[in-house]
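entry_19.cif (mmCIF, C-alpha atoms and all ligand atoms) appears below.
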```
data_work
loop_
_atom_site.label_atom_id
_atom_site.label_comp_id
_atom_site.auth_asym_id
_atom_site.auth_seq_id
_atom_site.Cartn_x
_atom_site.Cartn_y
_atom_site.Cartn_z
CA MET F 1 83.68 91.74 88.43
CA PHE F 2 85.86 91.27 91.50
CA LEU F 3 89.60 91.17 91.68
CA LEU F 4 91.49 89.04 94.16
CA LEU F 5 94.93 90.36 94.91
CA VAL F 6 97.43 88.19 96.77
CA LEU F 7 100.19 90.27 98.26
CA GLU F 8 103.26 89.09 100.10
CA LEU F 9 103.76 91.25 103.13
CA THR F 10 106.46 91.11 105.78
CA ASP F 11 105.24 90.97 109.37
CA ASP F 12 107.00 92.14 112.51
CA SER F 13 108.88 88.90 113.10
CA ASN F 14 110.50 89.46 109.71
CA LYS F 15 109.15 86.15 108.46
CA LYS F 16 107.48 86.27 105.12
CA LYS F 17 103.86 85.23 105.32
CA PRO F 18 101.46 85.46 102.47
CA VAL F 19 98.68 87.79 103.37
CA VAL F 20 95.61 87.64 101.25
CA VAL F 21 94.07 90.94 100.53
CA ILE F 22 90.81 90.98 98.76
CA VAL F 23 90.39 94.01 96.70
CA ILE F 24 87.03 94.61 95.31
CA VAL F 25 87.17 96.56 92.19
CA SER F 26 84.15 97.24 90.14
CA ILE F 27 84.24 96.52 86.47
CA SER F 28 83.66 100.14 85.66
CA ILE F 29 86.93 101.21 87.30
CA VAL F 30 88.94 98.52 85.54
CA SER F 31 87.44 99.20 82.17
CA GLY F 32 87.76 102.91 82.91
CA MET F 33 91.49 102.42 83.44
CA PHE F 34 91.77 100.63 80.12
CA ILE F 35 89.93 103.37 78.34
CA VAL F 36 92.04 106.03 80.03
CA GLY F 37 95.02 104.22 78.53
CA TRP F 38 93.72 105.10 75.08
CA ILE F 39 91.75 108.23 75.58
CA ILE F 40 91.16 111.00 78.05
CA TRP F 41 87.78 112.62 78.49
CA PHE F 42 88.52 116.26 79.13
CA ASP F 43 86.16 118.64 80.83
CA LEU F 44 85.51 122.06 79.39
CA VAL F 45 87.16 123.87 82.33
CA THR F 46 90.45 122.03 81.71
CA VAL F 47 90.41 122.73 77.98
CA ALA F 48 89.45 126.38 78.50
CA ALA F 49 92.27 126.81 81.04
CA ALA F 50 94.75 125.14 78.69
CA THR F 51 93.87 127.44 75.79
CA ASN F 52 93.53 130.67 77.78
CA ASN F 53 89.80 130.56 77.28
CA PHE F 54 90.14 129.86 73.57
CA SER F 55 91.97 133.17 73.23
CA TYR F 56 92.85 134.64 69.86
CA ALA F 57 96.54 134.29 70.73
CA SER F 58 96.13 130.56 71.26
CA LYS F 59 94.50 130.00 67.89
CA ILE F 60 96.86 128.24 65.47
CA GLY F 61 94.57 127.76 62.54
CA GLU F 62 91.16 127.13 61.20
CA GLY F 63 89.97 124.40 58.90
CA GLY F 64 86.69 123.18 57.57
CA PHE F 65 85.80 121.59 60.89
CA GLY F 66 86.39 124.70 63.00
CA PRO F 67 89.21 126.57 64.78
CA VAL F 68 92.32 124.87 66.18
CA TYR F 69 93.98 126.11 69.39
CA LYS F 70 97.30 125.39 70.99
CA GLY F 71 96.89 124.45 74.63
CA VAL F 72 99.15 123.63 77.55
CA LEU F 73 97.76 121.21 80.12
CA GLU F 74 98.49 121.50 83.84
CA THR F 75 101.11 118.78 83.43
CA GLY F 76 102.94 120.99 80.94
CA GLN F 77 101.97 118.81 77.96
CA GLU F 78 101.29 120.75 74.80
CA VAL F 79 98.12 119.85 72.91
CA ALA F 80 96.17 120.98 69.88
CA VAL F 81 92.45 121.45 70.45
CA LYS F 82 90.13 121.18 67.47
CA ARG F 83 86.79 122.74 68.26
CA LEU F 84 84.33 121.16 65.87
CA SER F 85 82.08 123.89 64.63
CA LYS F 86 78.86 122.05 64.12
CA SER F 87 77.30 118.89 65.27
CA SER F 88 77.54 116.04 62.83
CA GLY F 89 73.99 115.04 63.50
CA GLN F 90 75.45 111.92 65.06
CA GLY F 91 74.25 110.76 68.44
CA LEU F 92 76.45 111.28 71.48
CA GLU F 93 77.07 107.57 72.01
CA GLU F 94 78.05 107.07 68.38
CA PHE F 95 80.39 110.06 68.58
CA LYS F 96 82.04 108.65 71.72
CA ASN F 97 82.40 105.22 70.13
CA GLU F 98 84.01 106.69 67.04
CA VAL F 99 86.44 108.71 69.13
CA ILE F 100 87.42 105.63 71.16
CA LEU F 101 87.97 103.62 67.99
CA ILE F 102 90.04 106.32 66.36
CA ALA F 103 92.09 106.99 69.50
CA LYS F 104 93.12 103.33 69.42
CA LEU F 105 94.86 103.82 66.09
CA GLN F 106 98.52 104.27 66.83
CA HIS F 107 101.36 104.57 64.40
CA ARG F 108 104.47 106.73 64.31
CA ASN F 109 103.17 108.45 61.19
CA LEU F 110 99.74 109.32 62.57
CA VAL F 111 99.05 112.26 64.86
CA ARG F 112 97.87 110.87 68.21
CA LEU F 113 94.32 111.69 69.22
CA LEU F 114 94.62 112.08 72.98
CA GLY F 115 91.03 112.60 73.87
CA CYS F 116 87.92 114.62 73.51
CA CYS F 117 85.66 117.01 75.30
CA ILE F 118 81.89 116.95 74.99
CA GLN F 119 79.53 119.48 76.48
CA GLY F 120 76.04 120.04 75.15
CA GLU F 121 76.36 120.51 71.42
CA GLU F 122 80.07 121.23 71.77
CA ARG F 123 82.53 118.57 70.54
CA MET F 124 86.28 119.00 70.79
CA LEU F 125 89.10 116.71 69.78
CA ILE F 126 92.42 116.96 71.60
CA TYR F 127 95.54 115.93 69.70
CA GLU F 128 99.23 115.82 70.44
CA TYR F 129 100.76 119.14 69.43
CA MET F 130 103.03 119.25 66.40
CA PRO F 131 105.55 122.08 66.75
CA ASN F 132 106.46 122.37 63.07
CA LYS F 133 102.94 122.94 61.79
CA SER F 134 101.99 121.39 58.51
CA LEU F 135 103.76 120.51 55.28
CA ASP F 136 102.09 123.31 53.27
CA TYR F 137 103.72 125.84 55.59
CA PHE F 138 107.13 124.70 54.31
CA ILE F 139 106.93 123.39 50.78
CA PHE F 140 104.88 126.19 49.26
CA ASP F 141 106.96 128.96 50.81
CA GLN F 142 110.00 130.20 48.92
CA THR F 143 112.20 130.68 52.00
CA ARG F 144 110.99 127.87 54.24
CA SER F 145 111.14 125.30 51.43
CA THR F 146 114.94 125.56 51.52
CA LEU F 147 114.73 123.98 55.00
CA LEU F 148 113.54 120.78 53.36
CA PRO F 149 116.38 119.20 51.38
CA TRP F 150 115.66 116.07 49.35
CA HIS F 151 116.47 113.47 52.01
CA LYS F 152 113.96 115.14 54.37
CA ARG F 153 111.32 115.26 51.65
CA PHE F 154 111.93 111.61 50.85
CA ASP F 155 111.54 110.70 54.55
CA ILE F 156 108.33 112.72 54.64
CA ILE F 157 106.98 110.86 51.59
CA MET F 158 107.91 107.47 53.10
CA GLY F 159 106.27 108.46 56.40
CA ILE F 160 103.02 109.41 54.68
CA ALA F 161 103.09 106.18 52.67
CA ARG F 162 103.57 104.07 55.83
CA GLY F 163 100.89 105.97 57.76
CA LEU F 164 98.42 105.54 54.92
CA LEU F 165 99.25 101.86 54.55
CA TYR F 166 98.47 101.45 58.25
CA LEU F 167 95.12 103.21 57.86
CA HIS F 168 94.17 101.17 54.79
CA GLN F 169 95.46 97.76 55.68
CA ASP F 170 97.21 97.30 58.96
CA SER F 171 94.84 98.89 61.44
CA ARG F 172 91.71 97.07 62.51
CA LEU F 173 89.49 99.91 61.32
CA ARG F 174 90.47 100.14 57.65
CA ILE F 175 90.10 103.85 57.34
CA ILE F 176 89.87 105.75 54.09
CA HIS F 177 91.15 109.22 54.85
CA ARG F 178 89.29 111.11 52.10
CA ASP F 179 91.05 114.43 52.73
CA LEU F 180 94.74 113.76 52.35
CA LYS F 181 96.54 117.02 51.52
CA THR F 182 99.59 119.02 52.59
CA SER F 183 97.80 120.81 55.47
CA ASN F 184 96.82 117.42 56.88
CA ILE F 185 100.45 116.29 57.02
CA LEU F 186 101.86 117.63 60.28
CA LEU F 187 105.54 117.77 61.19
CA ASP F 188 107.01 116.95 64.59
CA ARG F 189 110.14 118.47 66.13
CA GLU F 190 112.41 116.35 63.89
CA MET F 191 110.25 117.08 60.82
CA ASN F 192 108.84 113.56 60.75
CA SER F 193 105.56 113.45 58.88
CA LYS F 194 102.35 112.53 60.65
CA ILE F 195 98.96 112.23 59.00
CA SER F 196 96.21 114.14 60.78
CA ASP F 197 92.43 114.27 60.54
CA PHE F 198 92.04 110.58 59.77
CA GLY F 199 88.71 109.50 61.11
CA ILE F 200 87.27 113.01 61.05
CA ALA F 201 85.46 111.99 57.90
CA ARG F 202 84.09 108.99 59.82
CA ILE F 203 82.90 111.19 62.65
CA PHE F 204 81.26 113.65 60.32
CA GLY F 205 79.93 111.57 57.47
CA GLY F 206 76.75 109.74 58.39
CA ASP F 207 77.01 107.55 55.32
CA GLN F 208 80.74 107.02 55.53
CA SER F 209 80.62 103.25 55.39
CA GLU F 210 79.08 103.26 51.97
CA ALA F 211 81.30 103.17 48.96
CA ARG F 212 79.38 106.00 47.40
CA THR F 213 78.48 109.11 49.30
CA LYS F 214 76.29 112.09 48.68
CA ARG F 215 78.42 114.13 51.05
CA VAL F 216 81.81 114.60 49.46
CA ILE F 217 84.44 115.59 52.00
CA GLY F 218 87.64 116.61 50.34
CA THR F 219 89.63 119.32 48.66
CA TYR F 220 89.88 120.22 45.01
CA GLY F 221 93.25 119.37 43.59
CA TYR F 222 93.58 116.19 45.66
CA MET F 223 90.36 114.40 44.81
CA SER F 224 90.31 111.59 42.28
CA PRO F 225 87.90 111.94 39.34
CA GLU F 226 85.61 109.11 40.51
CA TYR F 227 85.31 110.67 43.99
CA ALA F 228 84.90 114.27 42.88
CA ILE F 229 82.40 113.44 40.15
CA ASP F 230 80.57 110.34 41.36
CA GLY F 231 81.22 110.45 45.10
CA LYS F 232 82.82 106.98 44.88
CA PHE F 233 85.57 106.56 47.41
CA SER F 234 87.92 103.69 48.10
CA VAL F 235 91.53 103.14 49.08
CA LYS F 236 92.31 104.07 45.47
CA SER F 237 90.88 107.58 45.89
CA ASP F 238 93.31 108.06 48.81
CA VAL F 239 96.10 106.71 46.59
CA PHE F 240 95.26 109.42 44.05
CA SER F 241 95.59 112.11 46.77
CA PHE F 242 98.88 110.53 47.88
CA GLY F 243 100.23 110.73 44.31
CA THR F 244 99.30 114.40 44.15
CA LEU F 245 101.10 115.00 47.45
CA VAL F 246 104.24 113.26 46.17
CA LEU F 247 104.35 115.41 43.03
CA GLU F 248 103.76 118.56 45.10
CA ILE F 249 106.59 117.62 47.49
CA VAL F 250 108.99 117.08 44.57
CA ASN F 251 107.92 120.21 42.73
CA GLY F 252 107.16 122.63 45.56
CA LYS F 253 104.01 123.95 43.83
CA LYS F 254 100.35 123.28 44.44
CA ASN F 255 98.59 121.07 41.94
CA ARG F 256 95.70 123.44 42.02
CA GLY F 257 96.59 126.91 40.85
CA PHE F 258 99.71 125.60 39.09
CA ASN F 259 100.56 127.71 36.09
CA HIS F 260 102.99 127.40 33.25
CA ALA F 261 103.83 129.67 30.34
CA ASP F 262 103.29 126.94 27.71
CA HIS F 263 99.99 125.38 28.78
CA ASP F 264 97.03 125.52 31.15
CA HIS F 265 97.42 122.09 32.75
CA ASN F 266 97.58 121.55 36.50
CA LEU F 267 100.72 120.11 38.11
CA LEU F 268 99.62 116.53 37.38
CA GLY F 269 99.13 117.37 33.71
CA HIS F 270 102.47 119.18 33.63
CA ALA F 271 104.24 116.19 35.22
CA TRP F 272 102.62 113.90 32.64
CA LEU F 273 103.82 116.09 29.76
CA GLN F 274 107.34 116.14 31.23
CA TRP F 275 107.23 112.38 31.64
CA LYS F 276 106.24 111.84 28.02
CA GLU F 277 109.03 114.13 26.87
CA ASP F 278 111.54 112.40 29.14
CA LYS F 279 112.24 115.59 31.06
CA VAL F 280 110.99 114.72 34.56
CA LEU F 281 114.05 116.12 36.32
CA GLU F 282 112.83 119.57 35.30
CA LEU F 283 110.05 119.06 37.85
CA VAL F 284 112.47 119.18 40.78
CA ASP F 285 111.93 122.15 43.10
CA ALA F 286 114.82 124.61 42.66
CA ALA F 287 114.80 125.16 46.45
CA MET F 288 116.39 121.72 46.84
CA GLU F 289 119.38 122.80 44.75
CA ASP F 290 121.67 119.79 44.28
CA SER F 291 120.60 117.95 47.42
CA TYR F 292 118.65 115.28 45.55
CA VAL F 293 119.47 111.74 44.53
CA VAL F 294 118.49 111.44 40.86
CA SER F 295 117.31 107.80 41.01
CA GLN F 296 115.17 108.48 44.09
CA VAL F 297 113.56 111.60 42.66
CA MET F 298 112.81 109.82 39.38
CA LYS F 299 111.29 106.91 41.25
CA CYS F 300 109.10 109.23 43.32
CA ILE F 301 107.86 111.00 40.20
CA GLN F 302 107.05 107.70 38.52
CA VAL F 303 105.26 106.39 41.64
CA GLY F 304 103.42 109.72 41.91
CA LEU F 305 102.26 109.40 38.31
CA LEU F 306 101.18 105.77 38.84
CA CYS F 307 99.07 106.88 41.81
CA VAL F 308 97.27 109.67 39.94
CA GLN F 309 96.28 107.57 36.92
CA LYS F 310 92.77 108.26 35.73
CA TYR F 311 91.28 104.82 36.42
CA PRO F 312 91.35 103.52 40.01
CA GLU F 313 92.08 99.95 38.90
CA ASP F 314 95.35 101.11 37.32
CA ARG F 315 96.59 102.74 40.53
CA PRO F 316 98.73 100.68 42.93
CA ILE F 317 97.61 99.92 46.50
CA MET F 318 99.66 101.41 49.33
CA SER F 319 101.55 98.21 50.16
CA SER F 320 102.89 98.17 46.56
CA VAL F 321 103.71 101.87 46.85
CA VAL F 322 105.80 101.25 49.98
CA VAL F 323 107.62 98.36 48.26
CA MET F 324 108.25 100.45 45.14
CA LEU F 325 109.58 103.39 47.12
CA SER F 326 111.80 101.45 49.47
CA ASN F 327 113.42 99.00 47.05
CA GLU F 328 116.05 100.05 44.60
CA SER F 329 115.70 96.98 42.43
CA VAL F 330 111.93 96.96 41.76
CA THR F 331 110.96 97.64 38.15
CA LEU F 332 108.03 100.02 38.01
CA PRO F 333 105.20 99.86 35.47
CA GLN F 334 104.77 102.67 32.96
CA PRO F 335 102.15 105.20 34.08
CA LYS F 336 99.11 106.02 31.96
CA GLN F 337 97.44 109.39 31.62
CA PRO F 338 96.49 111.05 34.92
CA GLY F 339 93.00 112.05 36.01
CA PHE F 340 91.77 115.52 35.04
CA PHE F 341 94.17 115.74 32.10
CA THR F 342 92.44 118.60 30.36
CA GLU F 343 93.63 122.14 29.99
CA ARG F 344 91.75 124.63 32.14
CA SER F 345 90.80 127.88 30.53
CA SER F 346 92.35 130.82 32.33
CA ARG F 347 88.80 131.94 33.20
CA ASP F 348 88.15 128.64 35.07
CA THR F 349 91.40 128.99 36.99
CA ASP F 350 90.52 132.53 37.89
CA LEU F 351 87.05 131.63 39.08
CA LEU F 352 88.24 128.58 41.00
CA SER F 353 91.00 130.45 42.78
CA ARG F 354 88.49 133.06 43.85
CA LYS F 355 86.27 130.28 45.18
CA GLU F 356 89.15 128.45 46.86
CA LYS F 357 88.83 130.13 50.25
CA GLY F 358 85.08 129.74 50.44
CA CYS F 359 84.69 126.21 49.26
CA THR F 360 87.65 123.95 48.94
CA GLU F 361 88.98 124.18 52.45
CA ASN F 362 85.61 123.28 53.88
CA PRO F 363 83.97 119.91 54.04
CA VAL F 364 80.96 121.23 52.21
CA THR F 365 79.44 119.17 49.51
CA ILE F 366 80.75 119.55 46.02
CA THR F 367 77.16 119.99 44.99
CA VAL F 368 76.94 123.15 47.05
CA CYS F 369 80.29 124.38 45.65
CA THR F 370 79.14 123.68 42.13
CA MET F 371 75.88 125.49 42.79
CA ILE F 372 77.73 128.56 44.06
CA ILE F 373 80.13 128.53 41.12
CA ASN F 374 77.22 128.17 38.70
CA PHE F 375 75.44 131.00 40.45
CA VAL F 376 78.52 133.27 40.23
CA GLU F 377 78.96 132.39 36.56
CA GLU F 378 75.28 133.04 35.87
CA TRP F 379 75.50 136.34 37.71
CA GLN F 380 78.62 137.36 35.75
CA ARG F 381 76.87 136.45 32.48
CA THR F 382 73.85 138.54 33.46
CA LEU F 383 76.06 141.50 34.36
CA THR F 384 77.91 141.23 31.03
CA LEU F 385 74.58 141.09 29.20
CA VAL F 386 73.21 144.09 31.08
CA SER F 387 76.36 146.15 30.51
CA SER F 388 76.54 145.25 26.78
CA HIS F 389 72.86 146.21 26.42
CA SER F 390 73.28 149.52 28.19
CA GLY F 391 76.56 150.12 26.28
CA GLY F 392 74.76 149.47 22.96
CA ARG F 393 72.04 151.98 23.65
N1 LIG F 401 97.97 118.59 66.15
C1 LIG F 401 98.31 119.77 65.65
N2 LIG F 401 99.46 120.37 66.06
C2 LIG F 401 99.83 121.57 65.54
N3 LIG F 401 99.14 122.25 64.62
C3 LIG F 401 97.99 121.71 64.18
C4 LIG F 401 97.51 120.45 64.67
N4 LIG F 401 96.35 120.16 64.03
C5 LIG F 401 96.12 121.19 63.19
N5 LIG F 401 97.09 122.10 63.27
C6 LIG F 401 97.19 123.34 62.48
O1 LIG F 401 95.93 123.98 62.47
C7 LIG F 401 95.60 124.37 61.15
C8 LIG F 401 94.15 124.04 60.86
O2 LIG F 401 94.01 122.62 60.85
P1 LIG F 401 92.70 121.92 60.35
O3 LIG F 401 92.97 120.46 60.28
O4 LIG F 401 91.55 122.35 61.18
O5 LIG F 401 92.49 122.55 58.91
P2 LIG F 401 93.08 122.17 57.52
O6 LIG F 401 93.96 120.96 57.64
O7 LIG F 401 93.69 123.38 56.93
O8 LIG F 401 91.81 121.79 56.69
P3 LIG F 401 90.82 120.56 56.96
O9 LIG F 401 89.73 121.06 57.82
O10 LIG F 401 90.32 120.20 55.63
O11 LIG F 401 91.60 119.47 57.61
C9 LIG F 401 96.54 123.68 60.18
O12 LIG F 401 97.16 124.66 59.40
C10 LIG F 401 97.57 122.99 61.03
O13 LIG F 401 98.85 123.52 60.73
MG MG F 402 93.47 119.31 58.83
#
```

Starting from the file, lay out its structure as structure tokens.
Amino acid sequence: MFLLLVLELTDDSNKKKPVVVIVIVSISIVSGMFIVGWIIWFDLVTVAAATNNFSYASKIGEGGFGPVYKGVLETGQEVAVKRLSKSSGQGLEEFKNEVILIAKLQHRNLVRLLGCCIQGEERMLIYEYMPNKSLDYFIFDQTRSTLLPWHKRFDIIMGIARGLLYLHQDSRLRIIHRDLKTSNILLDREMNSKISDFGIARIFGGDQSEARTKRVIGTYGYMSPEYAIDGKFSVKSDVFSFGTLVLEIVNGKKNRGFNHADHDHNLLGHAWLQWKEDKVLELVDAAMEDSYVVSQVMKCIQVGLLCVQKYPEDRPIMSSVVVMLSNESVTLPQPKQPGFFTERSSRDTDLLSRKEKGCTENPVTITVCTMIINFVEEWQRTLTLVSSHSGGR
């Protein structure tokens, strides 16, 4: 492709004469400029320099996909570098295409993917840096949770809802997040919520376009029953995770590992019991003191419960969620029983919390997790048998 540029230049006699300048620009440069507008391809030297050679001091966290580093580019821009720990098995071209597609997604409630770095087997994703870390850092901490009064929490909920609506409906890609949870909600300087790690599931899951997957990527406590058990994912499985997030934001406790003196239900089960007994305001996190607006909190709890209903067809889609949350006058339907409404035995809770670090934070298959749990249980049973035998002798 050639470009013809017509420039108006002024000559010595000060008379304006059009001077035609033919600029030959190859298509690769033009398209390169467009791509640069969306995404930057970083080289390893730049990323290493930005992160002090991936120093321990630069490390800000580690998730299932590998370590995350804070970096400062030469321009002074702060970035977060996610060093993907293993290859997805995807070809290089496919990886690049996915990254370009995902980098094109832009919304004020999504963390911007700035670019990536590829060298050999190494794949890194470079994001805009979020100075206030993630939501879990605040809401599950007794002291820091006081920094989030109700109006902030409500803004955070609305932000997540709008970001998710964009992923599901408004963007051209129609992305199902599949791992929506508090550590994937990042907070900017003004504590605005931004969803992160959207598209990571696309990059990693070879069979991500199918509605049923053998490779379940997700975290216990946020996964809908049909996804956790059957591997079936849809926008409605994300809606379930969103509902869990909403109830966690209101209550300040994790769904998973939630405990109560009167029962062994998780937070969703507890919220359902409170709902049935007309005592939902007891769910409100004490750290918010009196900062909350009763009607708003009650609405959020009801929407949360609608989103975590057991059957996907009963759950609302995100556009309805946004309407319900942002309109005072909308009458909401009555929620039905949530998914996983069974009491856990204290032994299950104990075993699961011991497994939490090893399994749930990683995108390993549930099958593998289940195998490990079964193995540990089997091992414990064997030990008990052996000790009771030797004790009896
Ligand atoms: N863009 C970012 N800016 C600032 N901190 C970030 C950014 N991305 C991630 N982090 C921090 O790095 C930590 C690890 O993130 P990462 O996404 O790898 O793991 P995770 O969210 O805990 O689990 P998962 O792998 O399932 O997403 C998080 O605690 C988060 O606070
Ligand atoms: Mg994450």

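Residues in contact with ligand MG 402 (chain F) comprise Gly61, Glu62, Gly63, Gly64, Phe65, Gly66, Val68, Lys82, Ser134, Asp179, Leu180, Lys181, Thr182, Ser183, Asn184, Ile185, Leu186, Ile195, Ser196, Asp197, Phe198, Ile200 and Glu361 of chain F, where contact means an atom-to-atom distance of at most 10 Å counting only C-alpha atoms and all ligand atoms.
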
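You can rank F:Val45, F:Ala80, F:Ser58, F:Val72 by their closest distance to ligand LIG 401 (chain F) using all atoms listed in the file, and at the top of that list sits F:Ala80.
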
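Minimum atom-to-atom distance to F:Arg256, evaluated using only C-alpha atoms, belongs to F:Thr219 out of F:Thr219, F:Thr46, F:Gln334, F:Asn53.
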
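When the distance limit is 12 Å and all atoms listed in the file are what count, the residues near F:Phe340, minus those fewer than 4 positions from it on the same chain, are Tyr220, Gly221, Tyr222, Met223, Ser224, Pro225, Glu226, Ala228, Ile229, Phe240, Thr244, Asn255, Arg256, Asp264, His265, Asn266, Leu267, Leu268, Gly269, His270, Trp272, Val308, Gln309, Lys310, Tyr311 and Arg344 of chain F.
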
| task | Determine, counting all atoms listed in the file, every residue of protein, DNA or RNA that lies within 12 Å of (102.6, 103.8, 53.6) in the file coordinates, then give the result as an NGL selection string. | result | :F and (107-110 or 155-170 or 193-195 or 235 or 238-239 or 242-243 or 316-326)

| task | Considering only C-alpha atoms, return as a ChimeraX atom specification whatever protein or nucleic-acid residues lie within 8 Å of F:Ala271, sequence-local ones (same chain, fewer than 3 positions apart) excluded. | result | /F:247,267-268,274-275,280,283,305

Which centre and edge lengths in Å to one decimal define the box along x, y and z that fits every listed atom of ligand LIG 401 (chain F) plus 6 Å per side, as lines of an AutoDock Vina configuration file?
```
center_x = 94.8
center_y = 121.6
center_z = 60.9
size_x = 22.1
size_y = 18.1
size_z = 22.5
```

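Taking only C-alpha atoms and all ligand atoms into account, ligand LIG 401 (chain F) lies nearest to F:Met124 out of the set F:Leu101, F:Val47, F:Leu148, F:Met124.
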
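Candidate residues F:Ser295, F:Thr146, F:Gln302, F:Ser234 were compared for distance to F:Val246, and the nearest is F:Gln302, using all atoms listed in the file.
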
| note | One decimal place gives the atom CA of F:His260-atom CA of F:Lys336 separation as 21.8 Å

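Take atom CA of F:Val297 and atom CA of F:Val250: the distance between them is 7.4 Å.
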
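Counting from atom CA of F:Leu332, the distance to atom CA of F:Lys276 is 15.6 Å.
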
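Of the listed residues F:Tyr127, F:Phe140, F:Phe154, F:Phe341, the one whose atoms come nearest to ligand LIG 401 (chain F) is F:Tyr127, with distances taken using all atoms listed in the file.
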
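Nearest-residue note for ligand LIG 401 (chain F): choosing from F:Ser237, F:Ser55, F:Gln106, F:Asn132, the minimum distance belongs to F:Asn132, counting only C-alpha atoms and all ligand atoms.
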
| said: I'd like the neighbourhood of F:Ala103 as a PyMOL selection string, where a residue qualifies if any of its atoms comes within 8 Å (using all atoms listed in the file), though same-chain residues fewer than 2 positions away should be ignored. | reply: chain F and resi 38-39+99-101+105-106+112-115

| request: Give me the residues within 10 Å of F:Arg189 as an MDAnalysis selection string, counting only C-alpha atoms and dropping any in the same chain fewer than 5 places off. | output: chainID F and resid 129:133

Would you save stretch 300-326 of chain F to a file, keeping C-alpha atoms, as a PDB file, in the first residue's frame?
```pdb
ATOM      1  CA  CYS F 300     -27.675  -5.751  46.777  1.00  0.00           C
ATOM      2  CA  ILE F 301     -28.364  -8.758  48.994  1.00  0.00           C
ATOM      3  CA  GLN F 302     -31.462  -9.650  46.995  1.00  0.00           C
ATOM      4  CA  VAL F 303     -29.610  -9.264  43.676  1.00  0.00           C
ATOM      5  CA  GLY F 304     -26.723 -11.305  45.109  1.00  0.00           C
ATOM      6  CA  LEU F 305     -29.131 -14.082  46.068  1.00  0.00           C
ATOM      7  CA  LEU F 306     -30.810 -13.983  42.638  1.00  0.00           C
ATOM      8  CA  CYS F 307     -27.396 -14.411  41.007  1.00  0.00           C
ATOM      9  CA  VAL F 308     -26.389 -17.432  43.098  1.00  0.00           C
ATOM     10  CA  GLN F 309     -29.593 -19.409  42.545  1.00  0.00           C
ATOM     11  CA  LYS F 310     -28.981 -23.081  41.958  1.00  0.00           C
ATOM     12  CA  TYR F 311     -30.305 -23.286  38.390  1.00  0.00           C
ATOM     13  CA  PRO F 312     -28.639 -21.106  35.737  1.00  0.00           C
ATOM     14  CA  GLU F 313     -31.949 -20.375  33.999  1.00  0.00           C
ATOM     15  CA  ASP F 314     -33.244 -18.702  37.173  1.00  0.00           C
ATOM     16  CA  ARG F 315     -30.275 -16.325  37.402  1.00  0.00           C
ATOM     17  CA  PRO F 316     -30.538 -12.894  35.748  1.00  0.00           C
ATOM     18  CA  ILE F 317     -28.201 -11.822  32.927  1.00  0.00           C
ATOM     19  CA  MET F 318     -25.826  -8.942  33.635  1.00  0.00           C
ATOM     20  CA  SER F 319     -27.860  -6.307  31.784  1.00  0.00           C
ATOM     21  CA  SER F 320     -30.805  -7.057  34.129  1.00  0.00           C
ATOM     22  CA  VAL F 321     -28.430  -6.954  37.101  1.00  0.00           C
ATOM     23  CA  VAL F 322     -27.234  -3.465  36.126  1.00  0.00           C
ATOM     24  CA  VAL F 323     -30.841  -2.276  35.705  1.00  0.00           C
ATOM     25  CA  MET F 324     -31.860  -3.788  39.049  1.00  0.00           C
ATOM     26  CA  LEU F 325     -28.932  -2.233  40.882  1.00  0.00           C
ATOM     27  CA  SER F 326     -29.169   1.214  39.380  1.00  0.00           C
TER      28      SER F 326
END
```
